[in-house]
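To be precise, the following lines are target.cif, and they hold mmCIF, C-alpha atoms.
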data_entry
#
loop_
_atom_site.group_PDB
_atom_site.id
_atom_site.type_symbol
_atom_site.label_atom_id
_atom_site.label_comp_id
_atom_site.auth_asym_id
_atom_site.auth_seq_id
_atom_site.Cartn_x
_atom_site.Cartn_y
_atom_site.Cartn_z
ATOM 1 C CA MET A 1 106.921 113.869 122.976
ATOM 2 C CA LYS A 2 108.965 114.963 119.967
ATOM 3 C CA LYS A 3 107.399 112.191 117.869
ATOM 4 C CA PHE A 4 103.922 113.337 118.941
ATOM 5 C CA LEU A 5 104.671 116.946 117.910
ATOM 6 C CA VAL A 6 105.940 115.853 114.494
ATOM 7 C CA ILE A 7 102.817 113.742 113.900
ATOM 8 C CA ALA A 8 100.557 116.568 115.089
ATOM 9 C CA ALA A 9 102.298 119.049 112.789
ATOM 10 C CA LEU A 10 101.961 116.706 109.817
ATOM 11 C CA LEU A 11 98.315 116.090 110.577
ATOM 12 C CA LEU A 12 97.479 119.767 110.934
ATOM 13 C CA GLY A 13 99.423 120.665 107.817
ATOM 14 C CA ALA A 14 97.774 117.979 105.734
ATOM 15 C CA THR A 15 94.254 118.767 106.895
ATOM 16 C CA GLY A 16 94.696 122.424 106.008
ATOM 17 C CA VAL A 17 95.146 121.626 102.314
ATOM 18 C CA ASN A 18 91.571 121.328 101.174
ATOM 19 C CA ALA A 19 90.657 123.868 98.532
ATOM 20 C CA GLN A 20 89.570 123.023 95.021
ATOM 21 C CA THR A 21 92.742 122.064 93.259
ATOM 22 C CA ASP A 22 92.360 123.512 89.762
ATOM 23 C CA ASP A 23 95.146 126.014 90.452
ATOM 24 C CA ASP A 24 97.327 123.611 92.444
ATOM 25 C CA ALA A 25 100.612 122.864 90.640
ATOM 26 C CA ALA A 26 100.466 119.250 91.875
ATOM 27 C CA THR A 27 97.084 118.681 90.194
ATOM 28 C CA LEU A 28 97.231 117.645 86.545
ATOM 29 C CA THR A 29 93.499 117.713 85.748
ATOM 30 C CA LYS A 30 90.860 120.419 85.856
ATOM 31 C CA VAL A 31 87.145 120.507 86.556
ATOM 32 C CA GLY A 32 85.356 120.319 83.203
ATOM 33 C CA GLN A 33 87.964 118.103 81.551
ATOM 34 C CA GLN A 34 87.330 114.550 80.473
ATOM 35 C CA SER A 35 88.856 112.054 82.885
ATOM 36 C CA PRO A 36 92.068 110.452 81.706
ATOM 37 C CA LEU A 37 91.431 106.897 80.506
ATOM 38 C CA PHE A 38 92.917 104.151 82.650
ATOM 39 C CA GLU A 39 92.639 100.509 83.552
ATOM 40 C CA PHE A 40 92.831 99.191 87.085
ATOM 41 C CA ASN A 41 92.669 95.937 89.016
ATOM 42 C CA ALA A 42 89.015 95.542 89.993
ATOM 43 C CA ASP A 43 90.030 92.464 91.979
ATOM 44 C CA LYS A 44 92.976 90.077 91.971
ATOM 45 C CA GLN A 45 91.817 88.364 88.761
ATOM 46 C CA LYS A 46 90.022 91.109 86.839
ATOM 47 C CA THR A 47 91.068 94.324 85.127
ATOM 48 C CA ALA A 48 88.504 97.052 84.407
ATOM 49 C CA SER A 49 88.520 100.317 82.479
ATOM 50 C CA ILE A 50 87.204 103.642 83.740
ATOM 51 C CA ASP A 51 85.529 104.006 80.335
ATOM 52 C CA SER A 52 83.158 101.147 81.222
ATOM 53 C CA TYR A 53 81.687 103.278 84.035
ATOM 54 C CA LYS A 54 80.103 105.871 81.743
ATOM 55 C CA GLY A 55 76.489 106.469 82.725
ATOM 56 C CA LYS A 56 77.423 106.557 86.430
ATOM 57 C CA ILE A 57 78.592 109.180 88.871
ATOM 58 C CA VAL A 58 82.062 107.907 89.817
ATOM 59 C CA MET A 59 83.986 108.921 92.916
ATOM 60 C CA LEU A 60 87.727 108.307 92.889
ATOM 61 C CA ASN A 61 89.480 108.484 96.245
ATOM 62 C CA PHE A 62 93.267 108.310 96.506
ATOM 63 C CA PHE A 63 94.738 107.540 99.919
ATOM 64 C CA ALA A 64 97.535 105.662 101.678
ATOM 65 C CA THR A 65 97.227 103.366 104.672
ATOM 66 C CA TRP A 66 99.861 105.395 106.572
ATOM 67 C CA CYS A 67 98.253 108.824 105.921
ATOM 68 C CA PRO A 68 96.588 110.415 109.023
ATOM 69 C CA PRO A 69 94.134 112.685 107.105
ATOM 70 C CA CYS A 70 93.182 109.712 104.914
ATOM 71 C CA ARG A 71 92.437 107.697 108.041
ATOM 72 C CA MET A 72 90.166 110.529 109.213
ATOM 73 C CA GLU A 73 88.325 110.723 105.888
ATOM 74 C CA LEU A 74 87.745 107.035 105.075
ATOM 75 C CA PRO A 75 85.300 106.325 107.931
ATOM 76 C CA ARG A 76 83.142 109.143 106.527
ATOM 77 C CA VAL A 77 83.472 107.674 103.028
ATOM 78 C CA GLN A 78 82.141 104.407 104.467
ATOM 79 C CA LYS A 79 79.301 105.866 106.519
ATOM 80 C CA GLU A 80 78.184 108.902 104.541
ATOM 81 C CA ILE A 81 78.879 107.806 100.965
ATOM 82 C CA TRP A 82 79.224 104.046 100.552
ATOM 83 C CA ASP A 83 76.505 103.019 103.032
ATOM 84 C CA LYS A 84 74.147 105.570 101.439
ATOM 85 C CA TYR A 85 74.801 104.976 97.717
ATOM 86 C CA LYS A 86 76.178 101.419 97.397
ATOM 87 C CA ASP A 87 72.861 100.131 96.033
ATOM 88 C CA ASN A 88 72.395 103.017 93.611
ATOM 89 C CA PRO A 89 73.026 101.665 90.080
ATOM 90 C CA LYS A 90 74.098 105.161 88.980
ATOM 91 C CA PHE A 91 77.030 105.326 91.462
ATOM 92 C CA ALA A 92 80.505 103.797 91.603
ATOM 93 C CA LEU A 93 83.227 104.272 94.207
ATOM 94 C CA MET A 94 86.885 103.487 93.605
ATOM 95 C CA VAL A 95 89.271 103.876 96.521
ATOM 96 C CA PHE A 96 92.899 103.534 95.423
ATOM 97 C CA GLY A 97 95.787 102.849 97.784
ATOM 98 C CA ARG A 98 98.494 105.020 96.243
ATOM 99 C CA GLU A 99 101.737 103.041 95.888
ATOM 100 C CA GLU A 100 100.213 100.096 97.752
ATOM 101 C CA GLY A 101 99.500 96.553 96.600
ATOM 102 C CA TRP A 102 96.951 93.939 97.595
ATOM 103 C CA ASP A 103 99.261 92.925 100.469
ATOM 104 C CA LYS A 104 98.644 96.336 102.105
ATOM 105 C CA VAL A 105 95.121 97.336 101.035
ATOM 106 C CA LEU A 106 93.293 94.098 101.862
ATOM 107 C CA PRO A 107 94.517 93.834 105.492
ATOM 108 C CA PHE A 108 93.818 97.574 105.941
ATOM 109 C CA LYS A 109 90.254 97.091 104.635
ATOM 110 C CA THR A 110 89.669 94.146 106.968
ATOM 111 C CA ALA A 111 91.201 95.835 110.016
ATOM 112 C CA ASN A 112 88.965 98.895 109.556
ATOM 113 C CA ASN A 113 85.780 96.974 108.659
ATOM 114 C CA TYR A 114 85.365 98.820 105.353
ATOM 115 C CA THR A 115 82.878 97.237 102.970
ATOM 116 C CA PHE A 116 83.815 99.265 99.881
ATOM 117 C CA ASN A 117 86.514 97.985 97.551
ATOM 118 C CA ILE A 118 90.006 99.260 98.189
ATOM 119 C CA LEU A 119 92.147 98.858 95.099
ATOM 120 C CA PRO A 120 95.916 98.836 94.666
ATOM 121 C CA ASP A 121 97.675 101.599 92.749
ATOM 122 C CA GLU A 122 101.242 100.369 92.759
ATOM 123 C CA GLY A 123 103.633 102.725 91.030
ATOM 124 C CA ARG A 124 100.985 105.492 91.103
ATOM 125 C CA LYS A 125 99.721 104.316 87.711
ATOM 126 C CA VAL A 126 96.263 105.814 88.226
ATOM 127 C CA PHE A 127 97.164 108.590 90.663
ATOM 128 C CA SER A 128 99.824 110.024 88.329
ATOM 129 C CA LEU A 129 97.161 110.718 85.695
ATOM 130 C CA PHE A 130 95.479 113.143 88.087
ATOM 131 C CA ALA A 131 98.259 114.558 90.254
ATOM 132 C CA LYS A 132 101.935 114.607 91.148
ATOM 133 C CA GLN A 133 101.449 114.519 94.935
ATOM 134 C CA SER A 134 99.108 115.145 97.899
ATOM 135 C CA ILE A 135 96.566 112.815 99.458
ATOM 136 C CA PRO A 136 93.832 112.274 100.346
ATOM 137 C CA ARG A 137 92.472 113.340 97.005
ATOM 138 C CA ASN A 138 88.920 113.028 95.687
ATOM 139 C CA VAL A 139 87.732 113.306 92.107
ATOM 140 C CA ILE A 140 84.093 113.056 91.007
ATOM 141 C CA LEU A 141 83.219 112.184 87.408
ATOM 142 C CA ASP A 142 79.816 112.772 85.854
ATOM 143 C CA GLU A 143 77.919 110.291 83.690
ATOM 144 C CA GLU A 144 79.961 111.293 80.632
ATOM 145 C CA GLY A 145 83.300 110.868 82.398
ATOM 146 C CA LYS A 146 83.937 114.583 82.901
ATOM 147 C CA ILE A 147 85.531 115.837 86.099
ATOM 148 C CA ILE A 148 82.942 117.794 88.085
ATOM 149 C CA TYR A 149 84.763 118.016 91.421
ATOM 150 C CA GLN A 150 88.295 117.744 92.802
ATOM 151 C CA SER A 151 89.736 118.246 96.266
ATOM 152 C CA THR A 152 92.979 117.589 98.081
ATOM 153 C CA GLY A 153 93.444 116.998 101.775
ATOM 154 C CA TYR A 154 90.713 116.467 104.297
ATOM 155 C CA SER A 155 88.571 118.988 106.116
ATOM 156 C CA GLU A 156 85.034 118.661 107.375
ATOM 157 C CA GLN A 157 83.952 121.675 105.322
ATOM 158 C CA GLU A 158 85.384 120.377 102.037
ATOM 159 C CA PHE A 159 84.027 116.877 102.648
ATOM 160 C CA ASN A 160 80.574 118.372 103.241
ATOM 161 C CA LYS A 161 80.790 120.069 99.815
ATOM 162 C CA LEU A 162 81.556 116.682 98.274
ATOM 163 C CA LEU A 163 78.557 115.143 100.080
ATOM 164 C CA ALA A 164 76.246 117.923 98.860
ATOM 165 C CA LEU A 165 77.380 117.423 95.268
ATOM 166 C CA LEU A 166 76.845 113.650 95.423
ATOM 167 C CA ASP A 167 73.446 114.128 97.024
ATOM 168 C CA ALA A 168 72.360 116.592 94.338
ATOM 169 C CA ARG A 169 73.613 114.391 91.477
ATOM 170 C CA LEU A 170 72.339 111.064 92.790
ATOM 171 C CA LYS A 171 68.931 112.131 94.095
ATOM 172 C CA LYS A 172 67.753 113.865 90.937
ATOM 173 C CA PRO A 173 64.749 112.214 89.249
ATOM 174 C CA GLN A 174 65.661 109.467 86.803
ATOM 175 C CA PRO A 175 64.049 109.643 83.313
#
Write the structure described by the file as structure tokens, please.
Amino acid sequence: MKKFLVIAALLLGATGVNAQTDDDAATLTKVGQQSPLFEFNADKQKTASIDSYKGKIVMLNFFATWCPPCRMELPRVQKEIWDKYKDNPKFALMVFGREEGWDKVLPFKTANNYTFNILPDEGRKVFSLFAKQSIPRNVILDEEGKIIYQSTGYSEQEFNKLLALLDARLKKPQP
């Protein structure tokens, strides 16, 4: 029973942290800033650069396999974001397992039937460019690589704001 109460308290505490994070001391970036440049493992054999995604709306999601709010959010990422926009050439999704390697993220992806890529972020190499702590964390970049949205934690209300922003940006008429 004690273990259940501790888990419940952690879950409730983590889900309550969901406001825009521009004033959060743990957040190192601000809406309107250019995204920090970084490279990441696109798969086990290939490295990619965030700079090569200019021209697309890019969603960065930082999570951990052990994180209860992350486990609540990722099914919605699959169903309401990835399934909807995966074929849109103007969209890219990068889900990073903070402090986790391929040995953790690939079995987690398989076990949960996720079809989006889950990428390792061992040593917080990517995460530490955006924040000091707190997951889940979402960052949306515009076509020029500027940060247009940030959030920390998971709540239905905040996630719905993220969905509305993606919908507005990805459904606008293409020239």
A:Val77, A:Met94, A:Met72, A:Ile135 ranked by distance to Ile118 in chain A, top pick (using only C-alpha atoms): A:Met94
Can you report as JSON the centre and edge lengths in Å, to one decimal, of an axis-aligned box around the listed atoms of range 150-167 of chain A padded with 5 Å on each side?
{"center_x": 83.4, "center_y": 117.7, "center_z": 100.1, "size_x": 30.0, "size_y": 18.0, "size_z": 24.6}
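Taking all atoms listed in the file into account, Pro107 in chain A lies nearest to A:Thr65 out of the set A:Thr29, A:Gln34, A:Asn138, A:Thr65.
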Selection near range 97-104 of chain A, 6 Å with all atoms listed in the file, sequence-local residues under 4 positions removed, as JSON, numbers by chain: {"A": [63, 64, 120, 121, 122, 123, 124]}
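The gap separating CA of Ala92 in chain A from CA of Ala42 in chain A is 12.0 Å, in Å to one decimal.
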Closest of A:Lys44, A:Leu106, A:Glu156, A:Ser151 to Val139 in chain A - atom-to-atom distances counting all atoms listed in the file: A:Ser151
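This file gives the following result for the PyMOL selection byres ((chain A and resi 61) around 6): Leu60, Phe62, Val95, Arg137 and Asn138 of chain A.
One finds CA of Gly32 in chain A at 15.8 Å from CA of Ala131 in chain A.
Counting all atoms listed in the file and comparing A:Pro68, A:Lys56, A:Lys125, A:Gly153, the residue that lies closest to Leu37 in chain A is A:Lys125.
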Explicit residue set for the PyMOL selection byres ((chain A and resi 148) around 12), as JSON, numbers by chain: {"A": [20, 21, 22, 29, 30, 31, 32, 33, 34, 35, 57, 58, 59, 60, 138, 139, 140, 141, 142, 143, 144, 145, 146, 147, 149, 150, 151, 162, 165, 166, 169]}
Nearest candidate to Arg71 in chain A (options A:Lys109, A:Lys161, A:Lys90, A:Lys84; using all atoms listed in the file): A:Lys109
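Computed from the coordinates, the CA of Gln133 in chain A to CA of Asp83 in chain A distance equals 28.6 Å.
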Using all atoms listed in the file: which of A:Leu119, A:Ala26, A:Phe127, A:Pro69 has the shortest distance to Thr47 in chain A: A:Leu119
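Taking all atoms listed in the file into account, the polymer residues that have an atom no farther than 6 Å from (92.9, 107.7, 86.0) are Pro36, Leu37, Phe38, Val126 and Leu129 of chain A.
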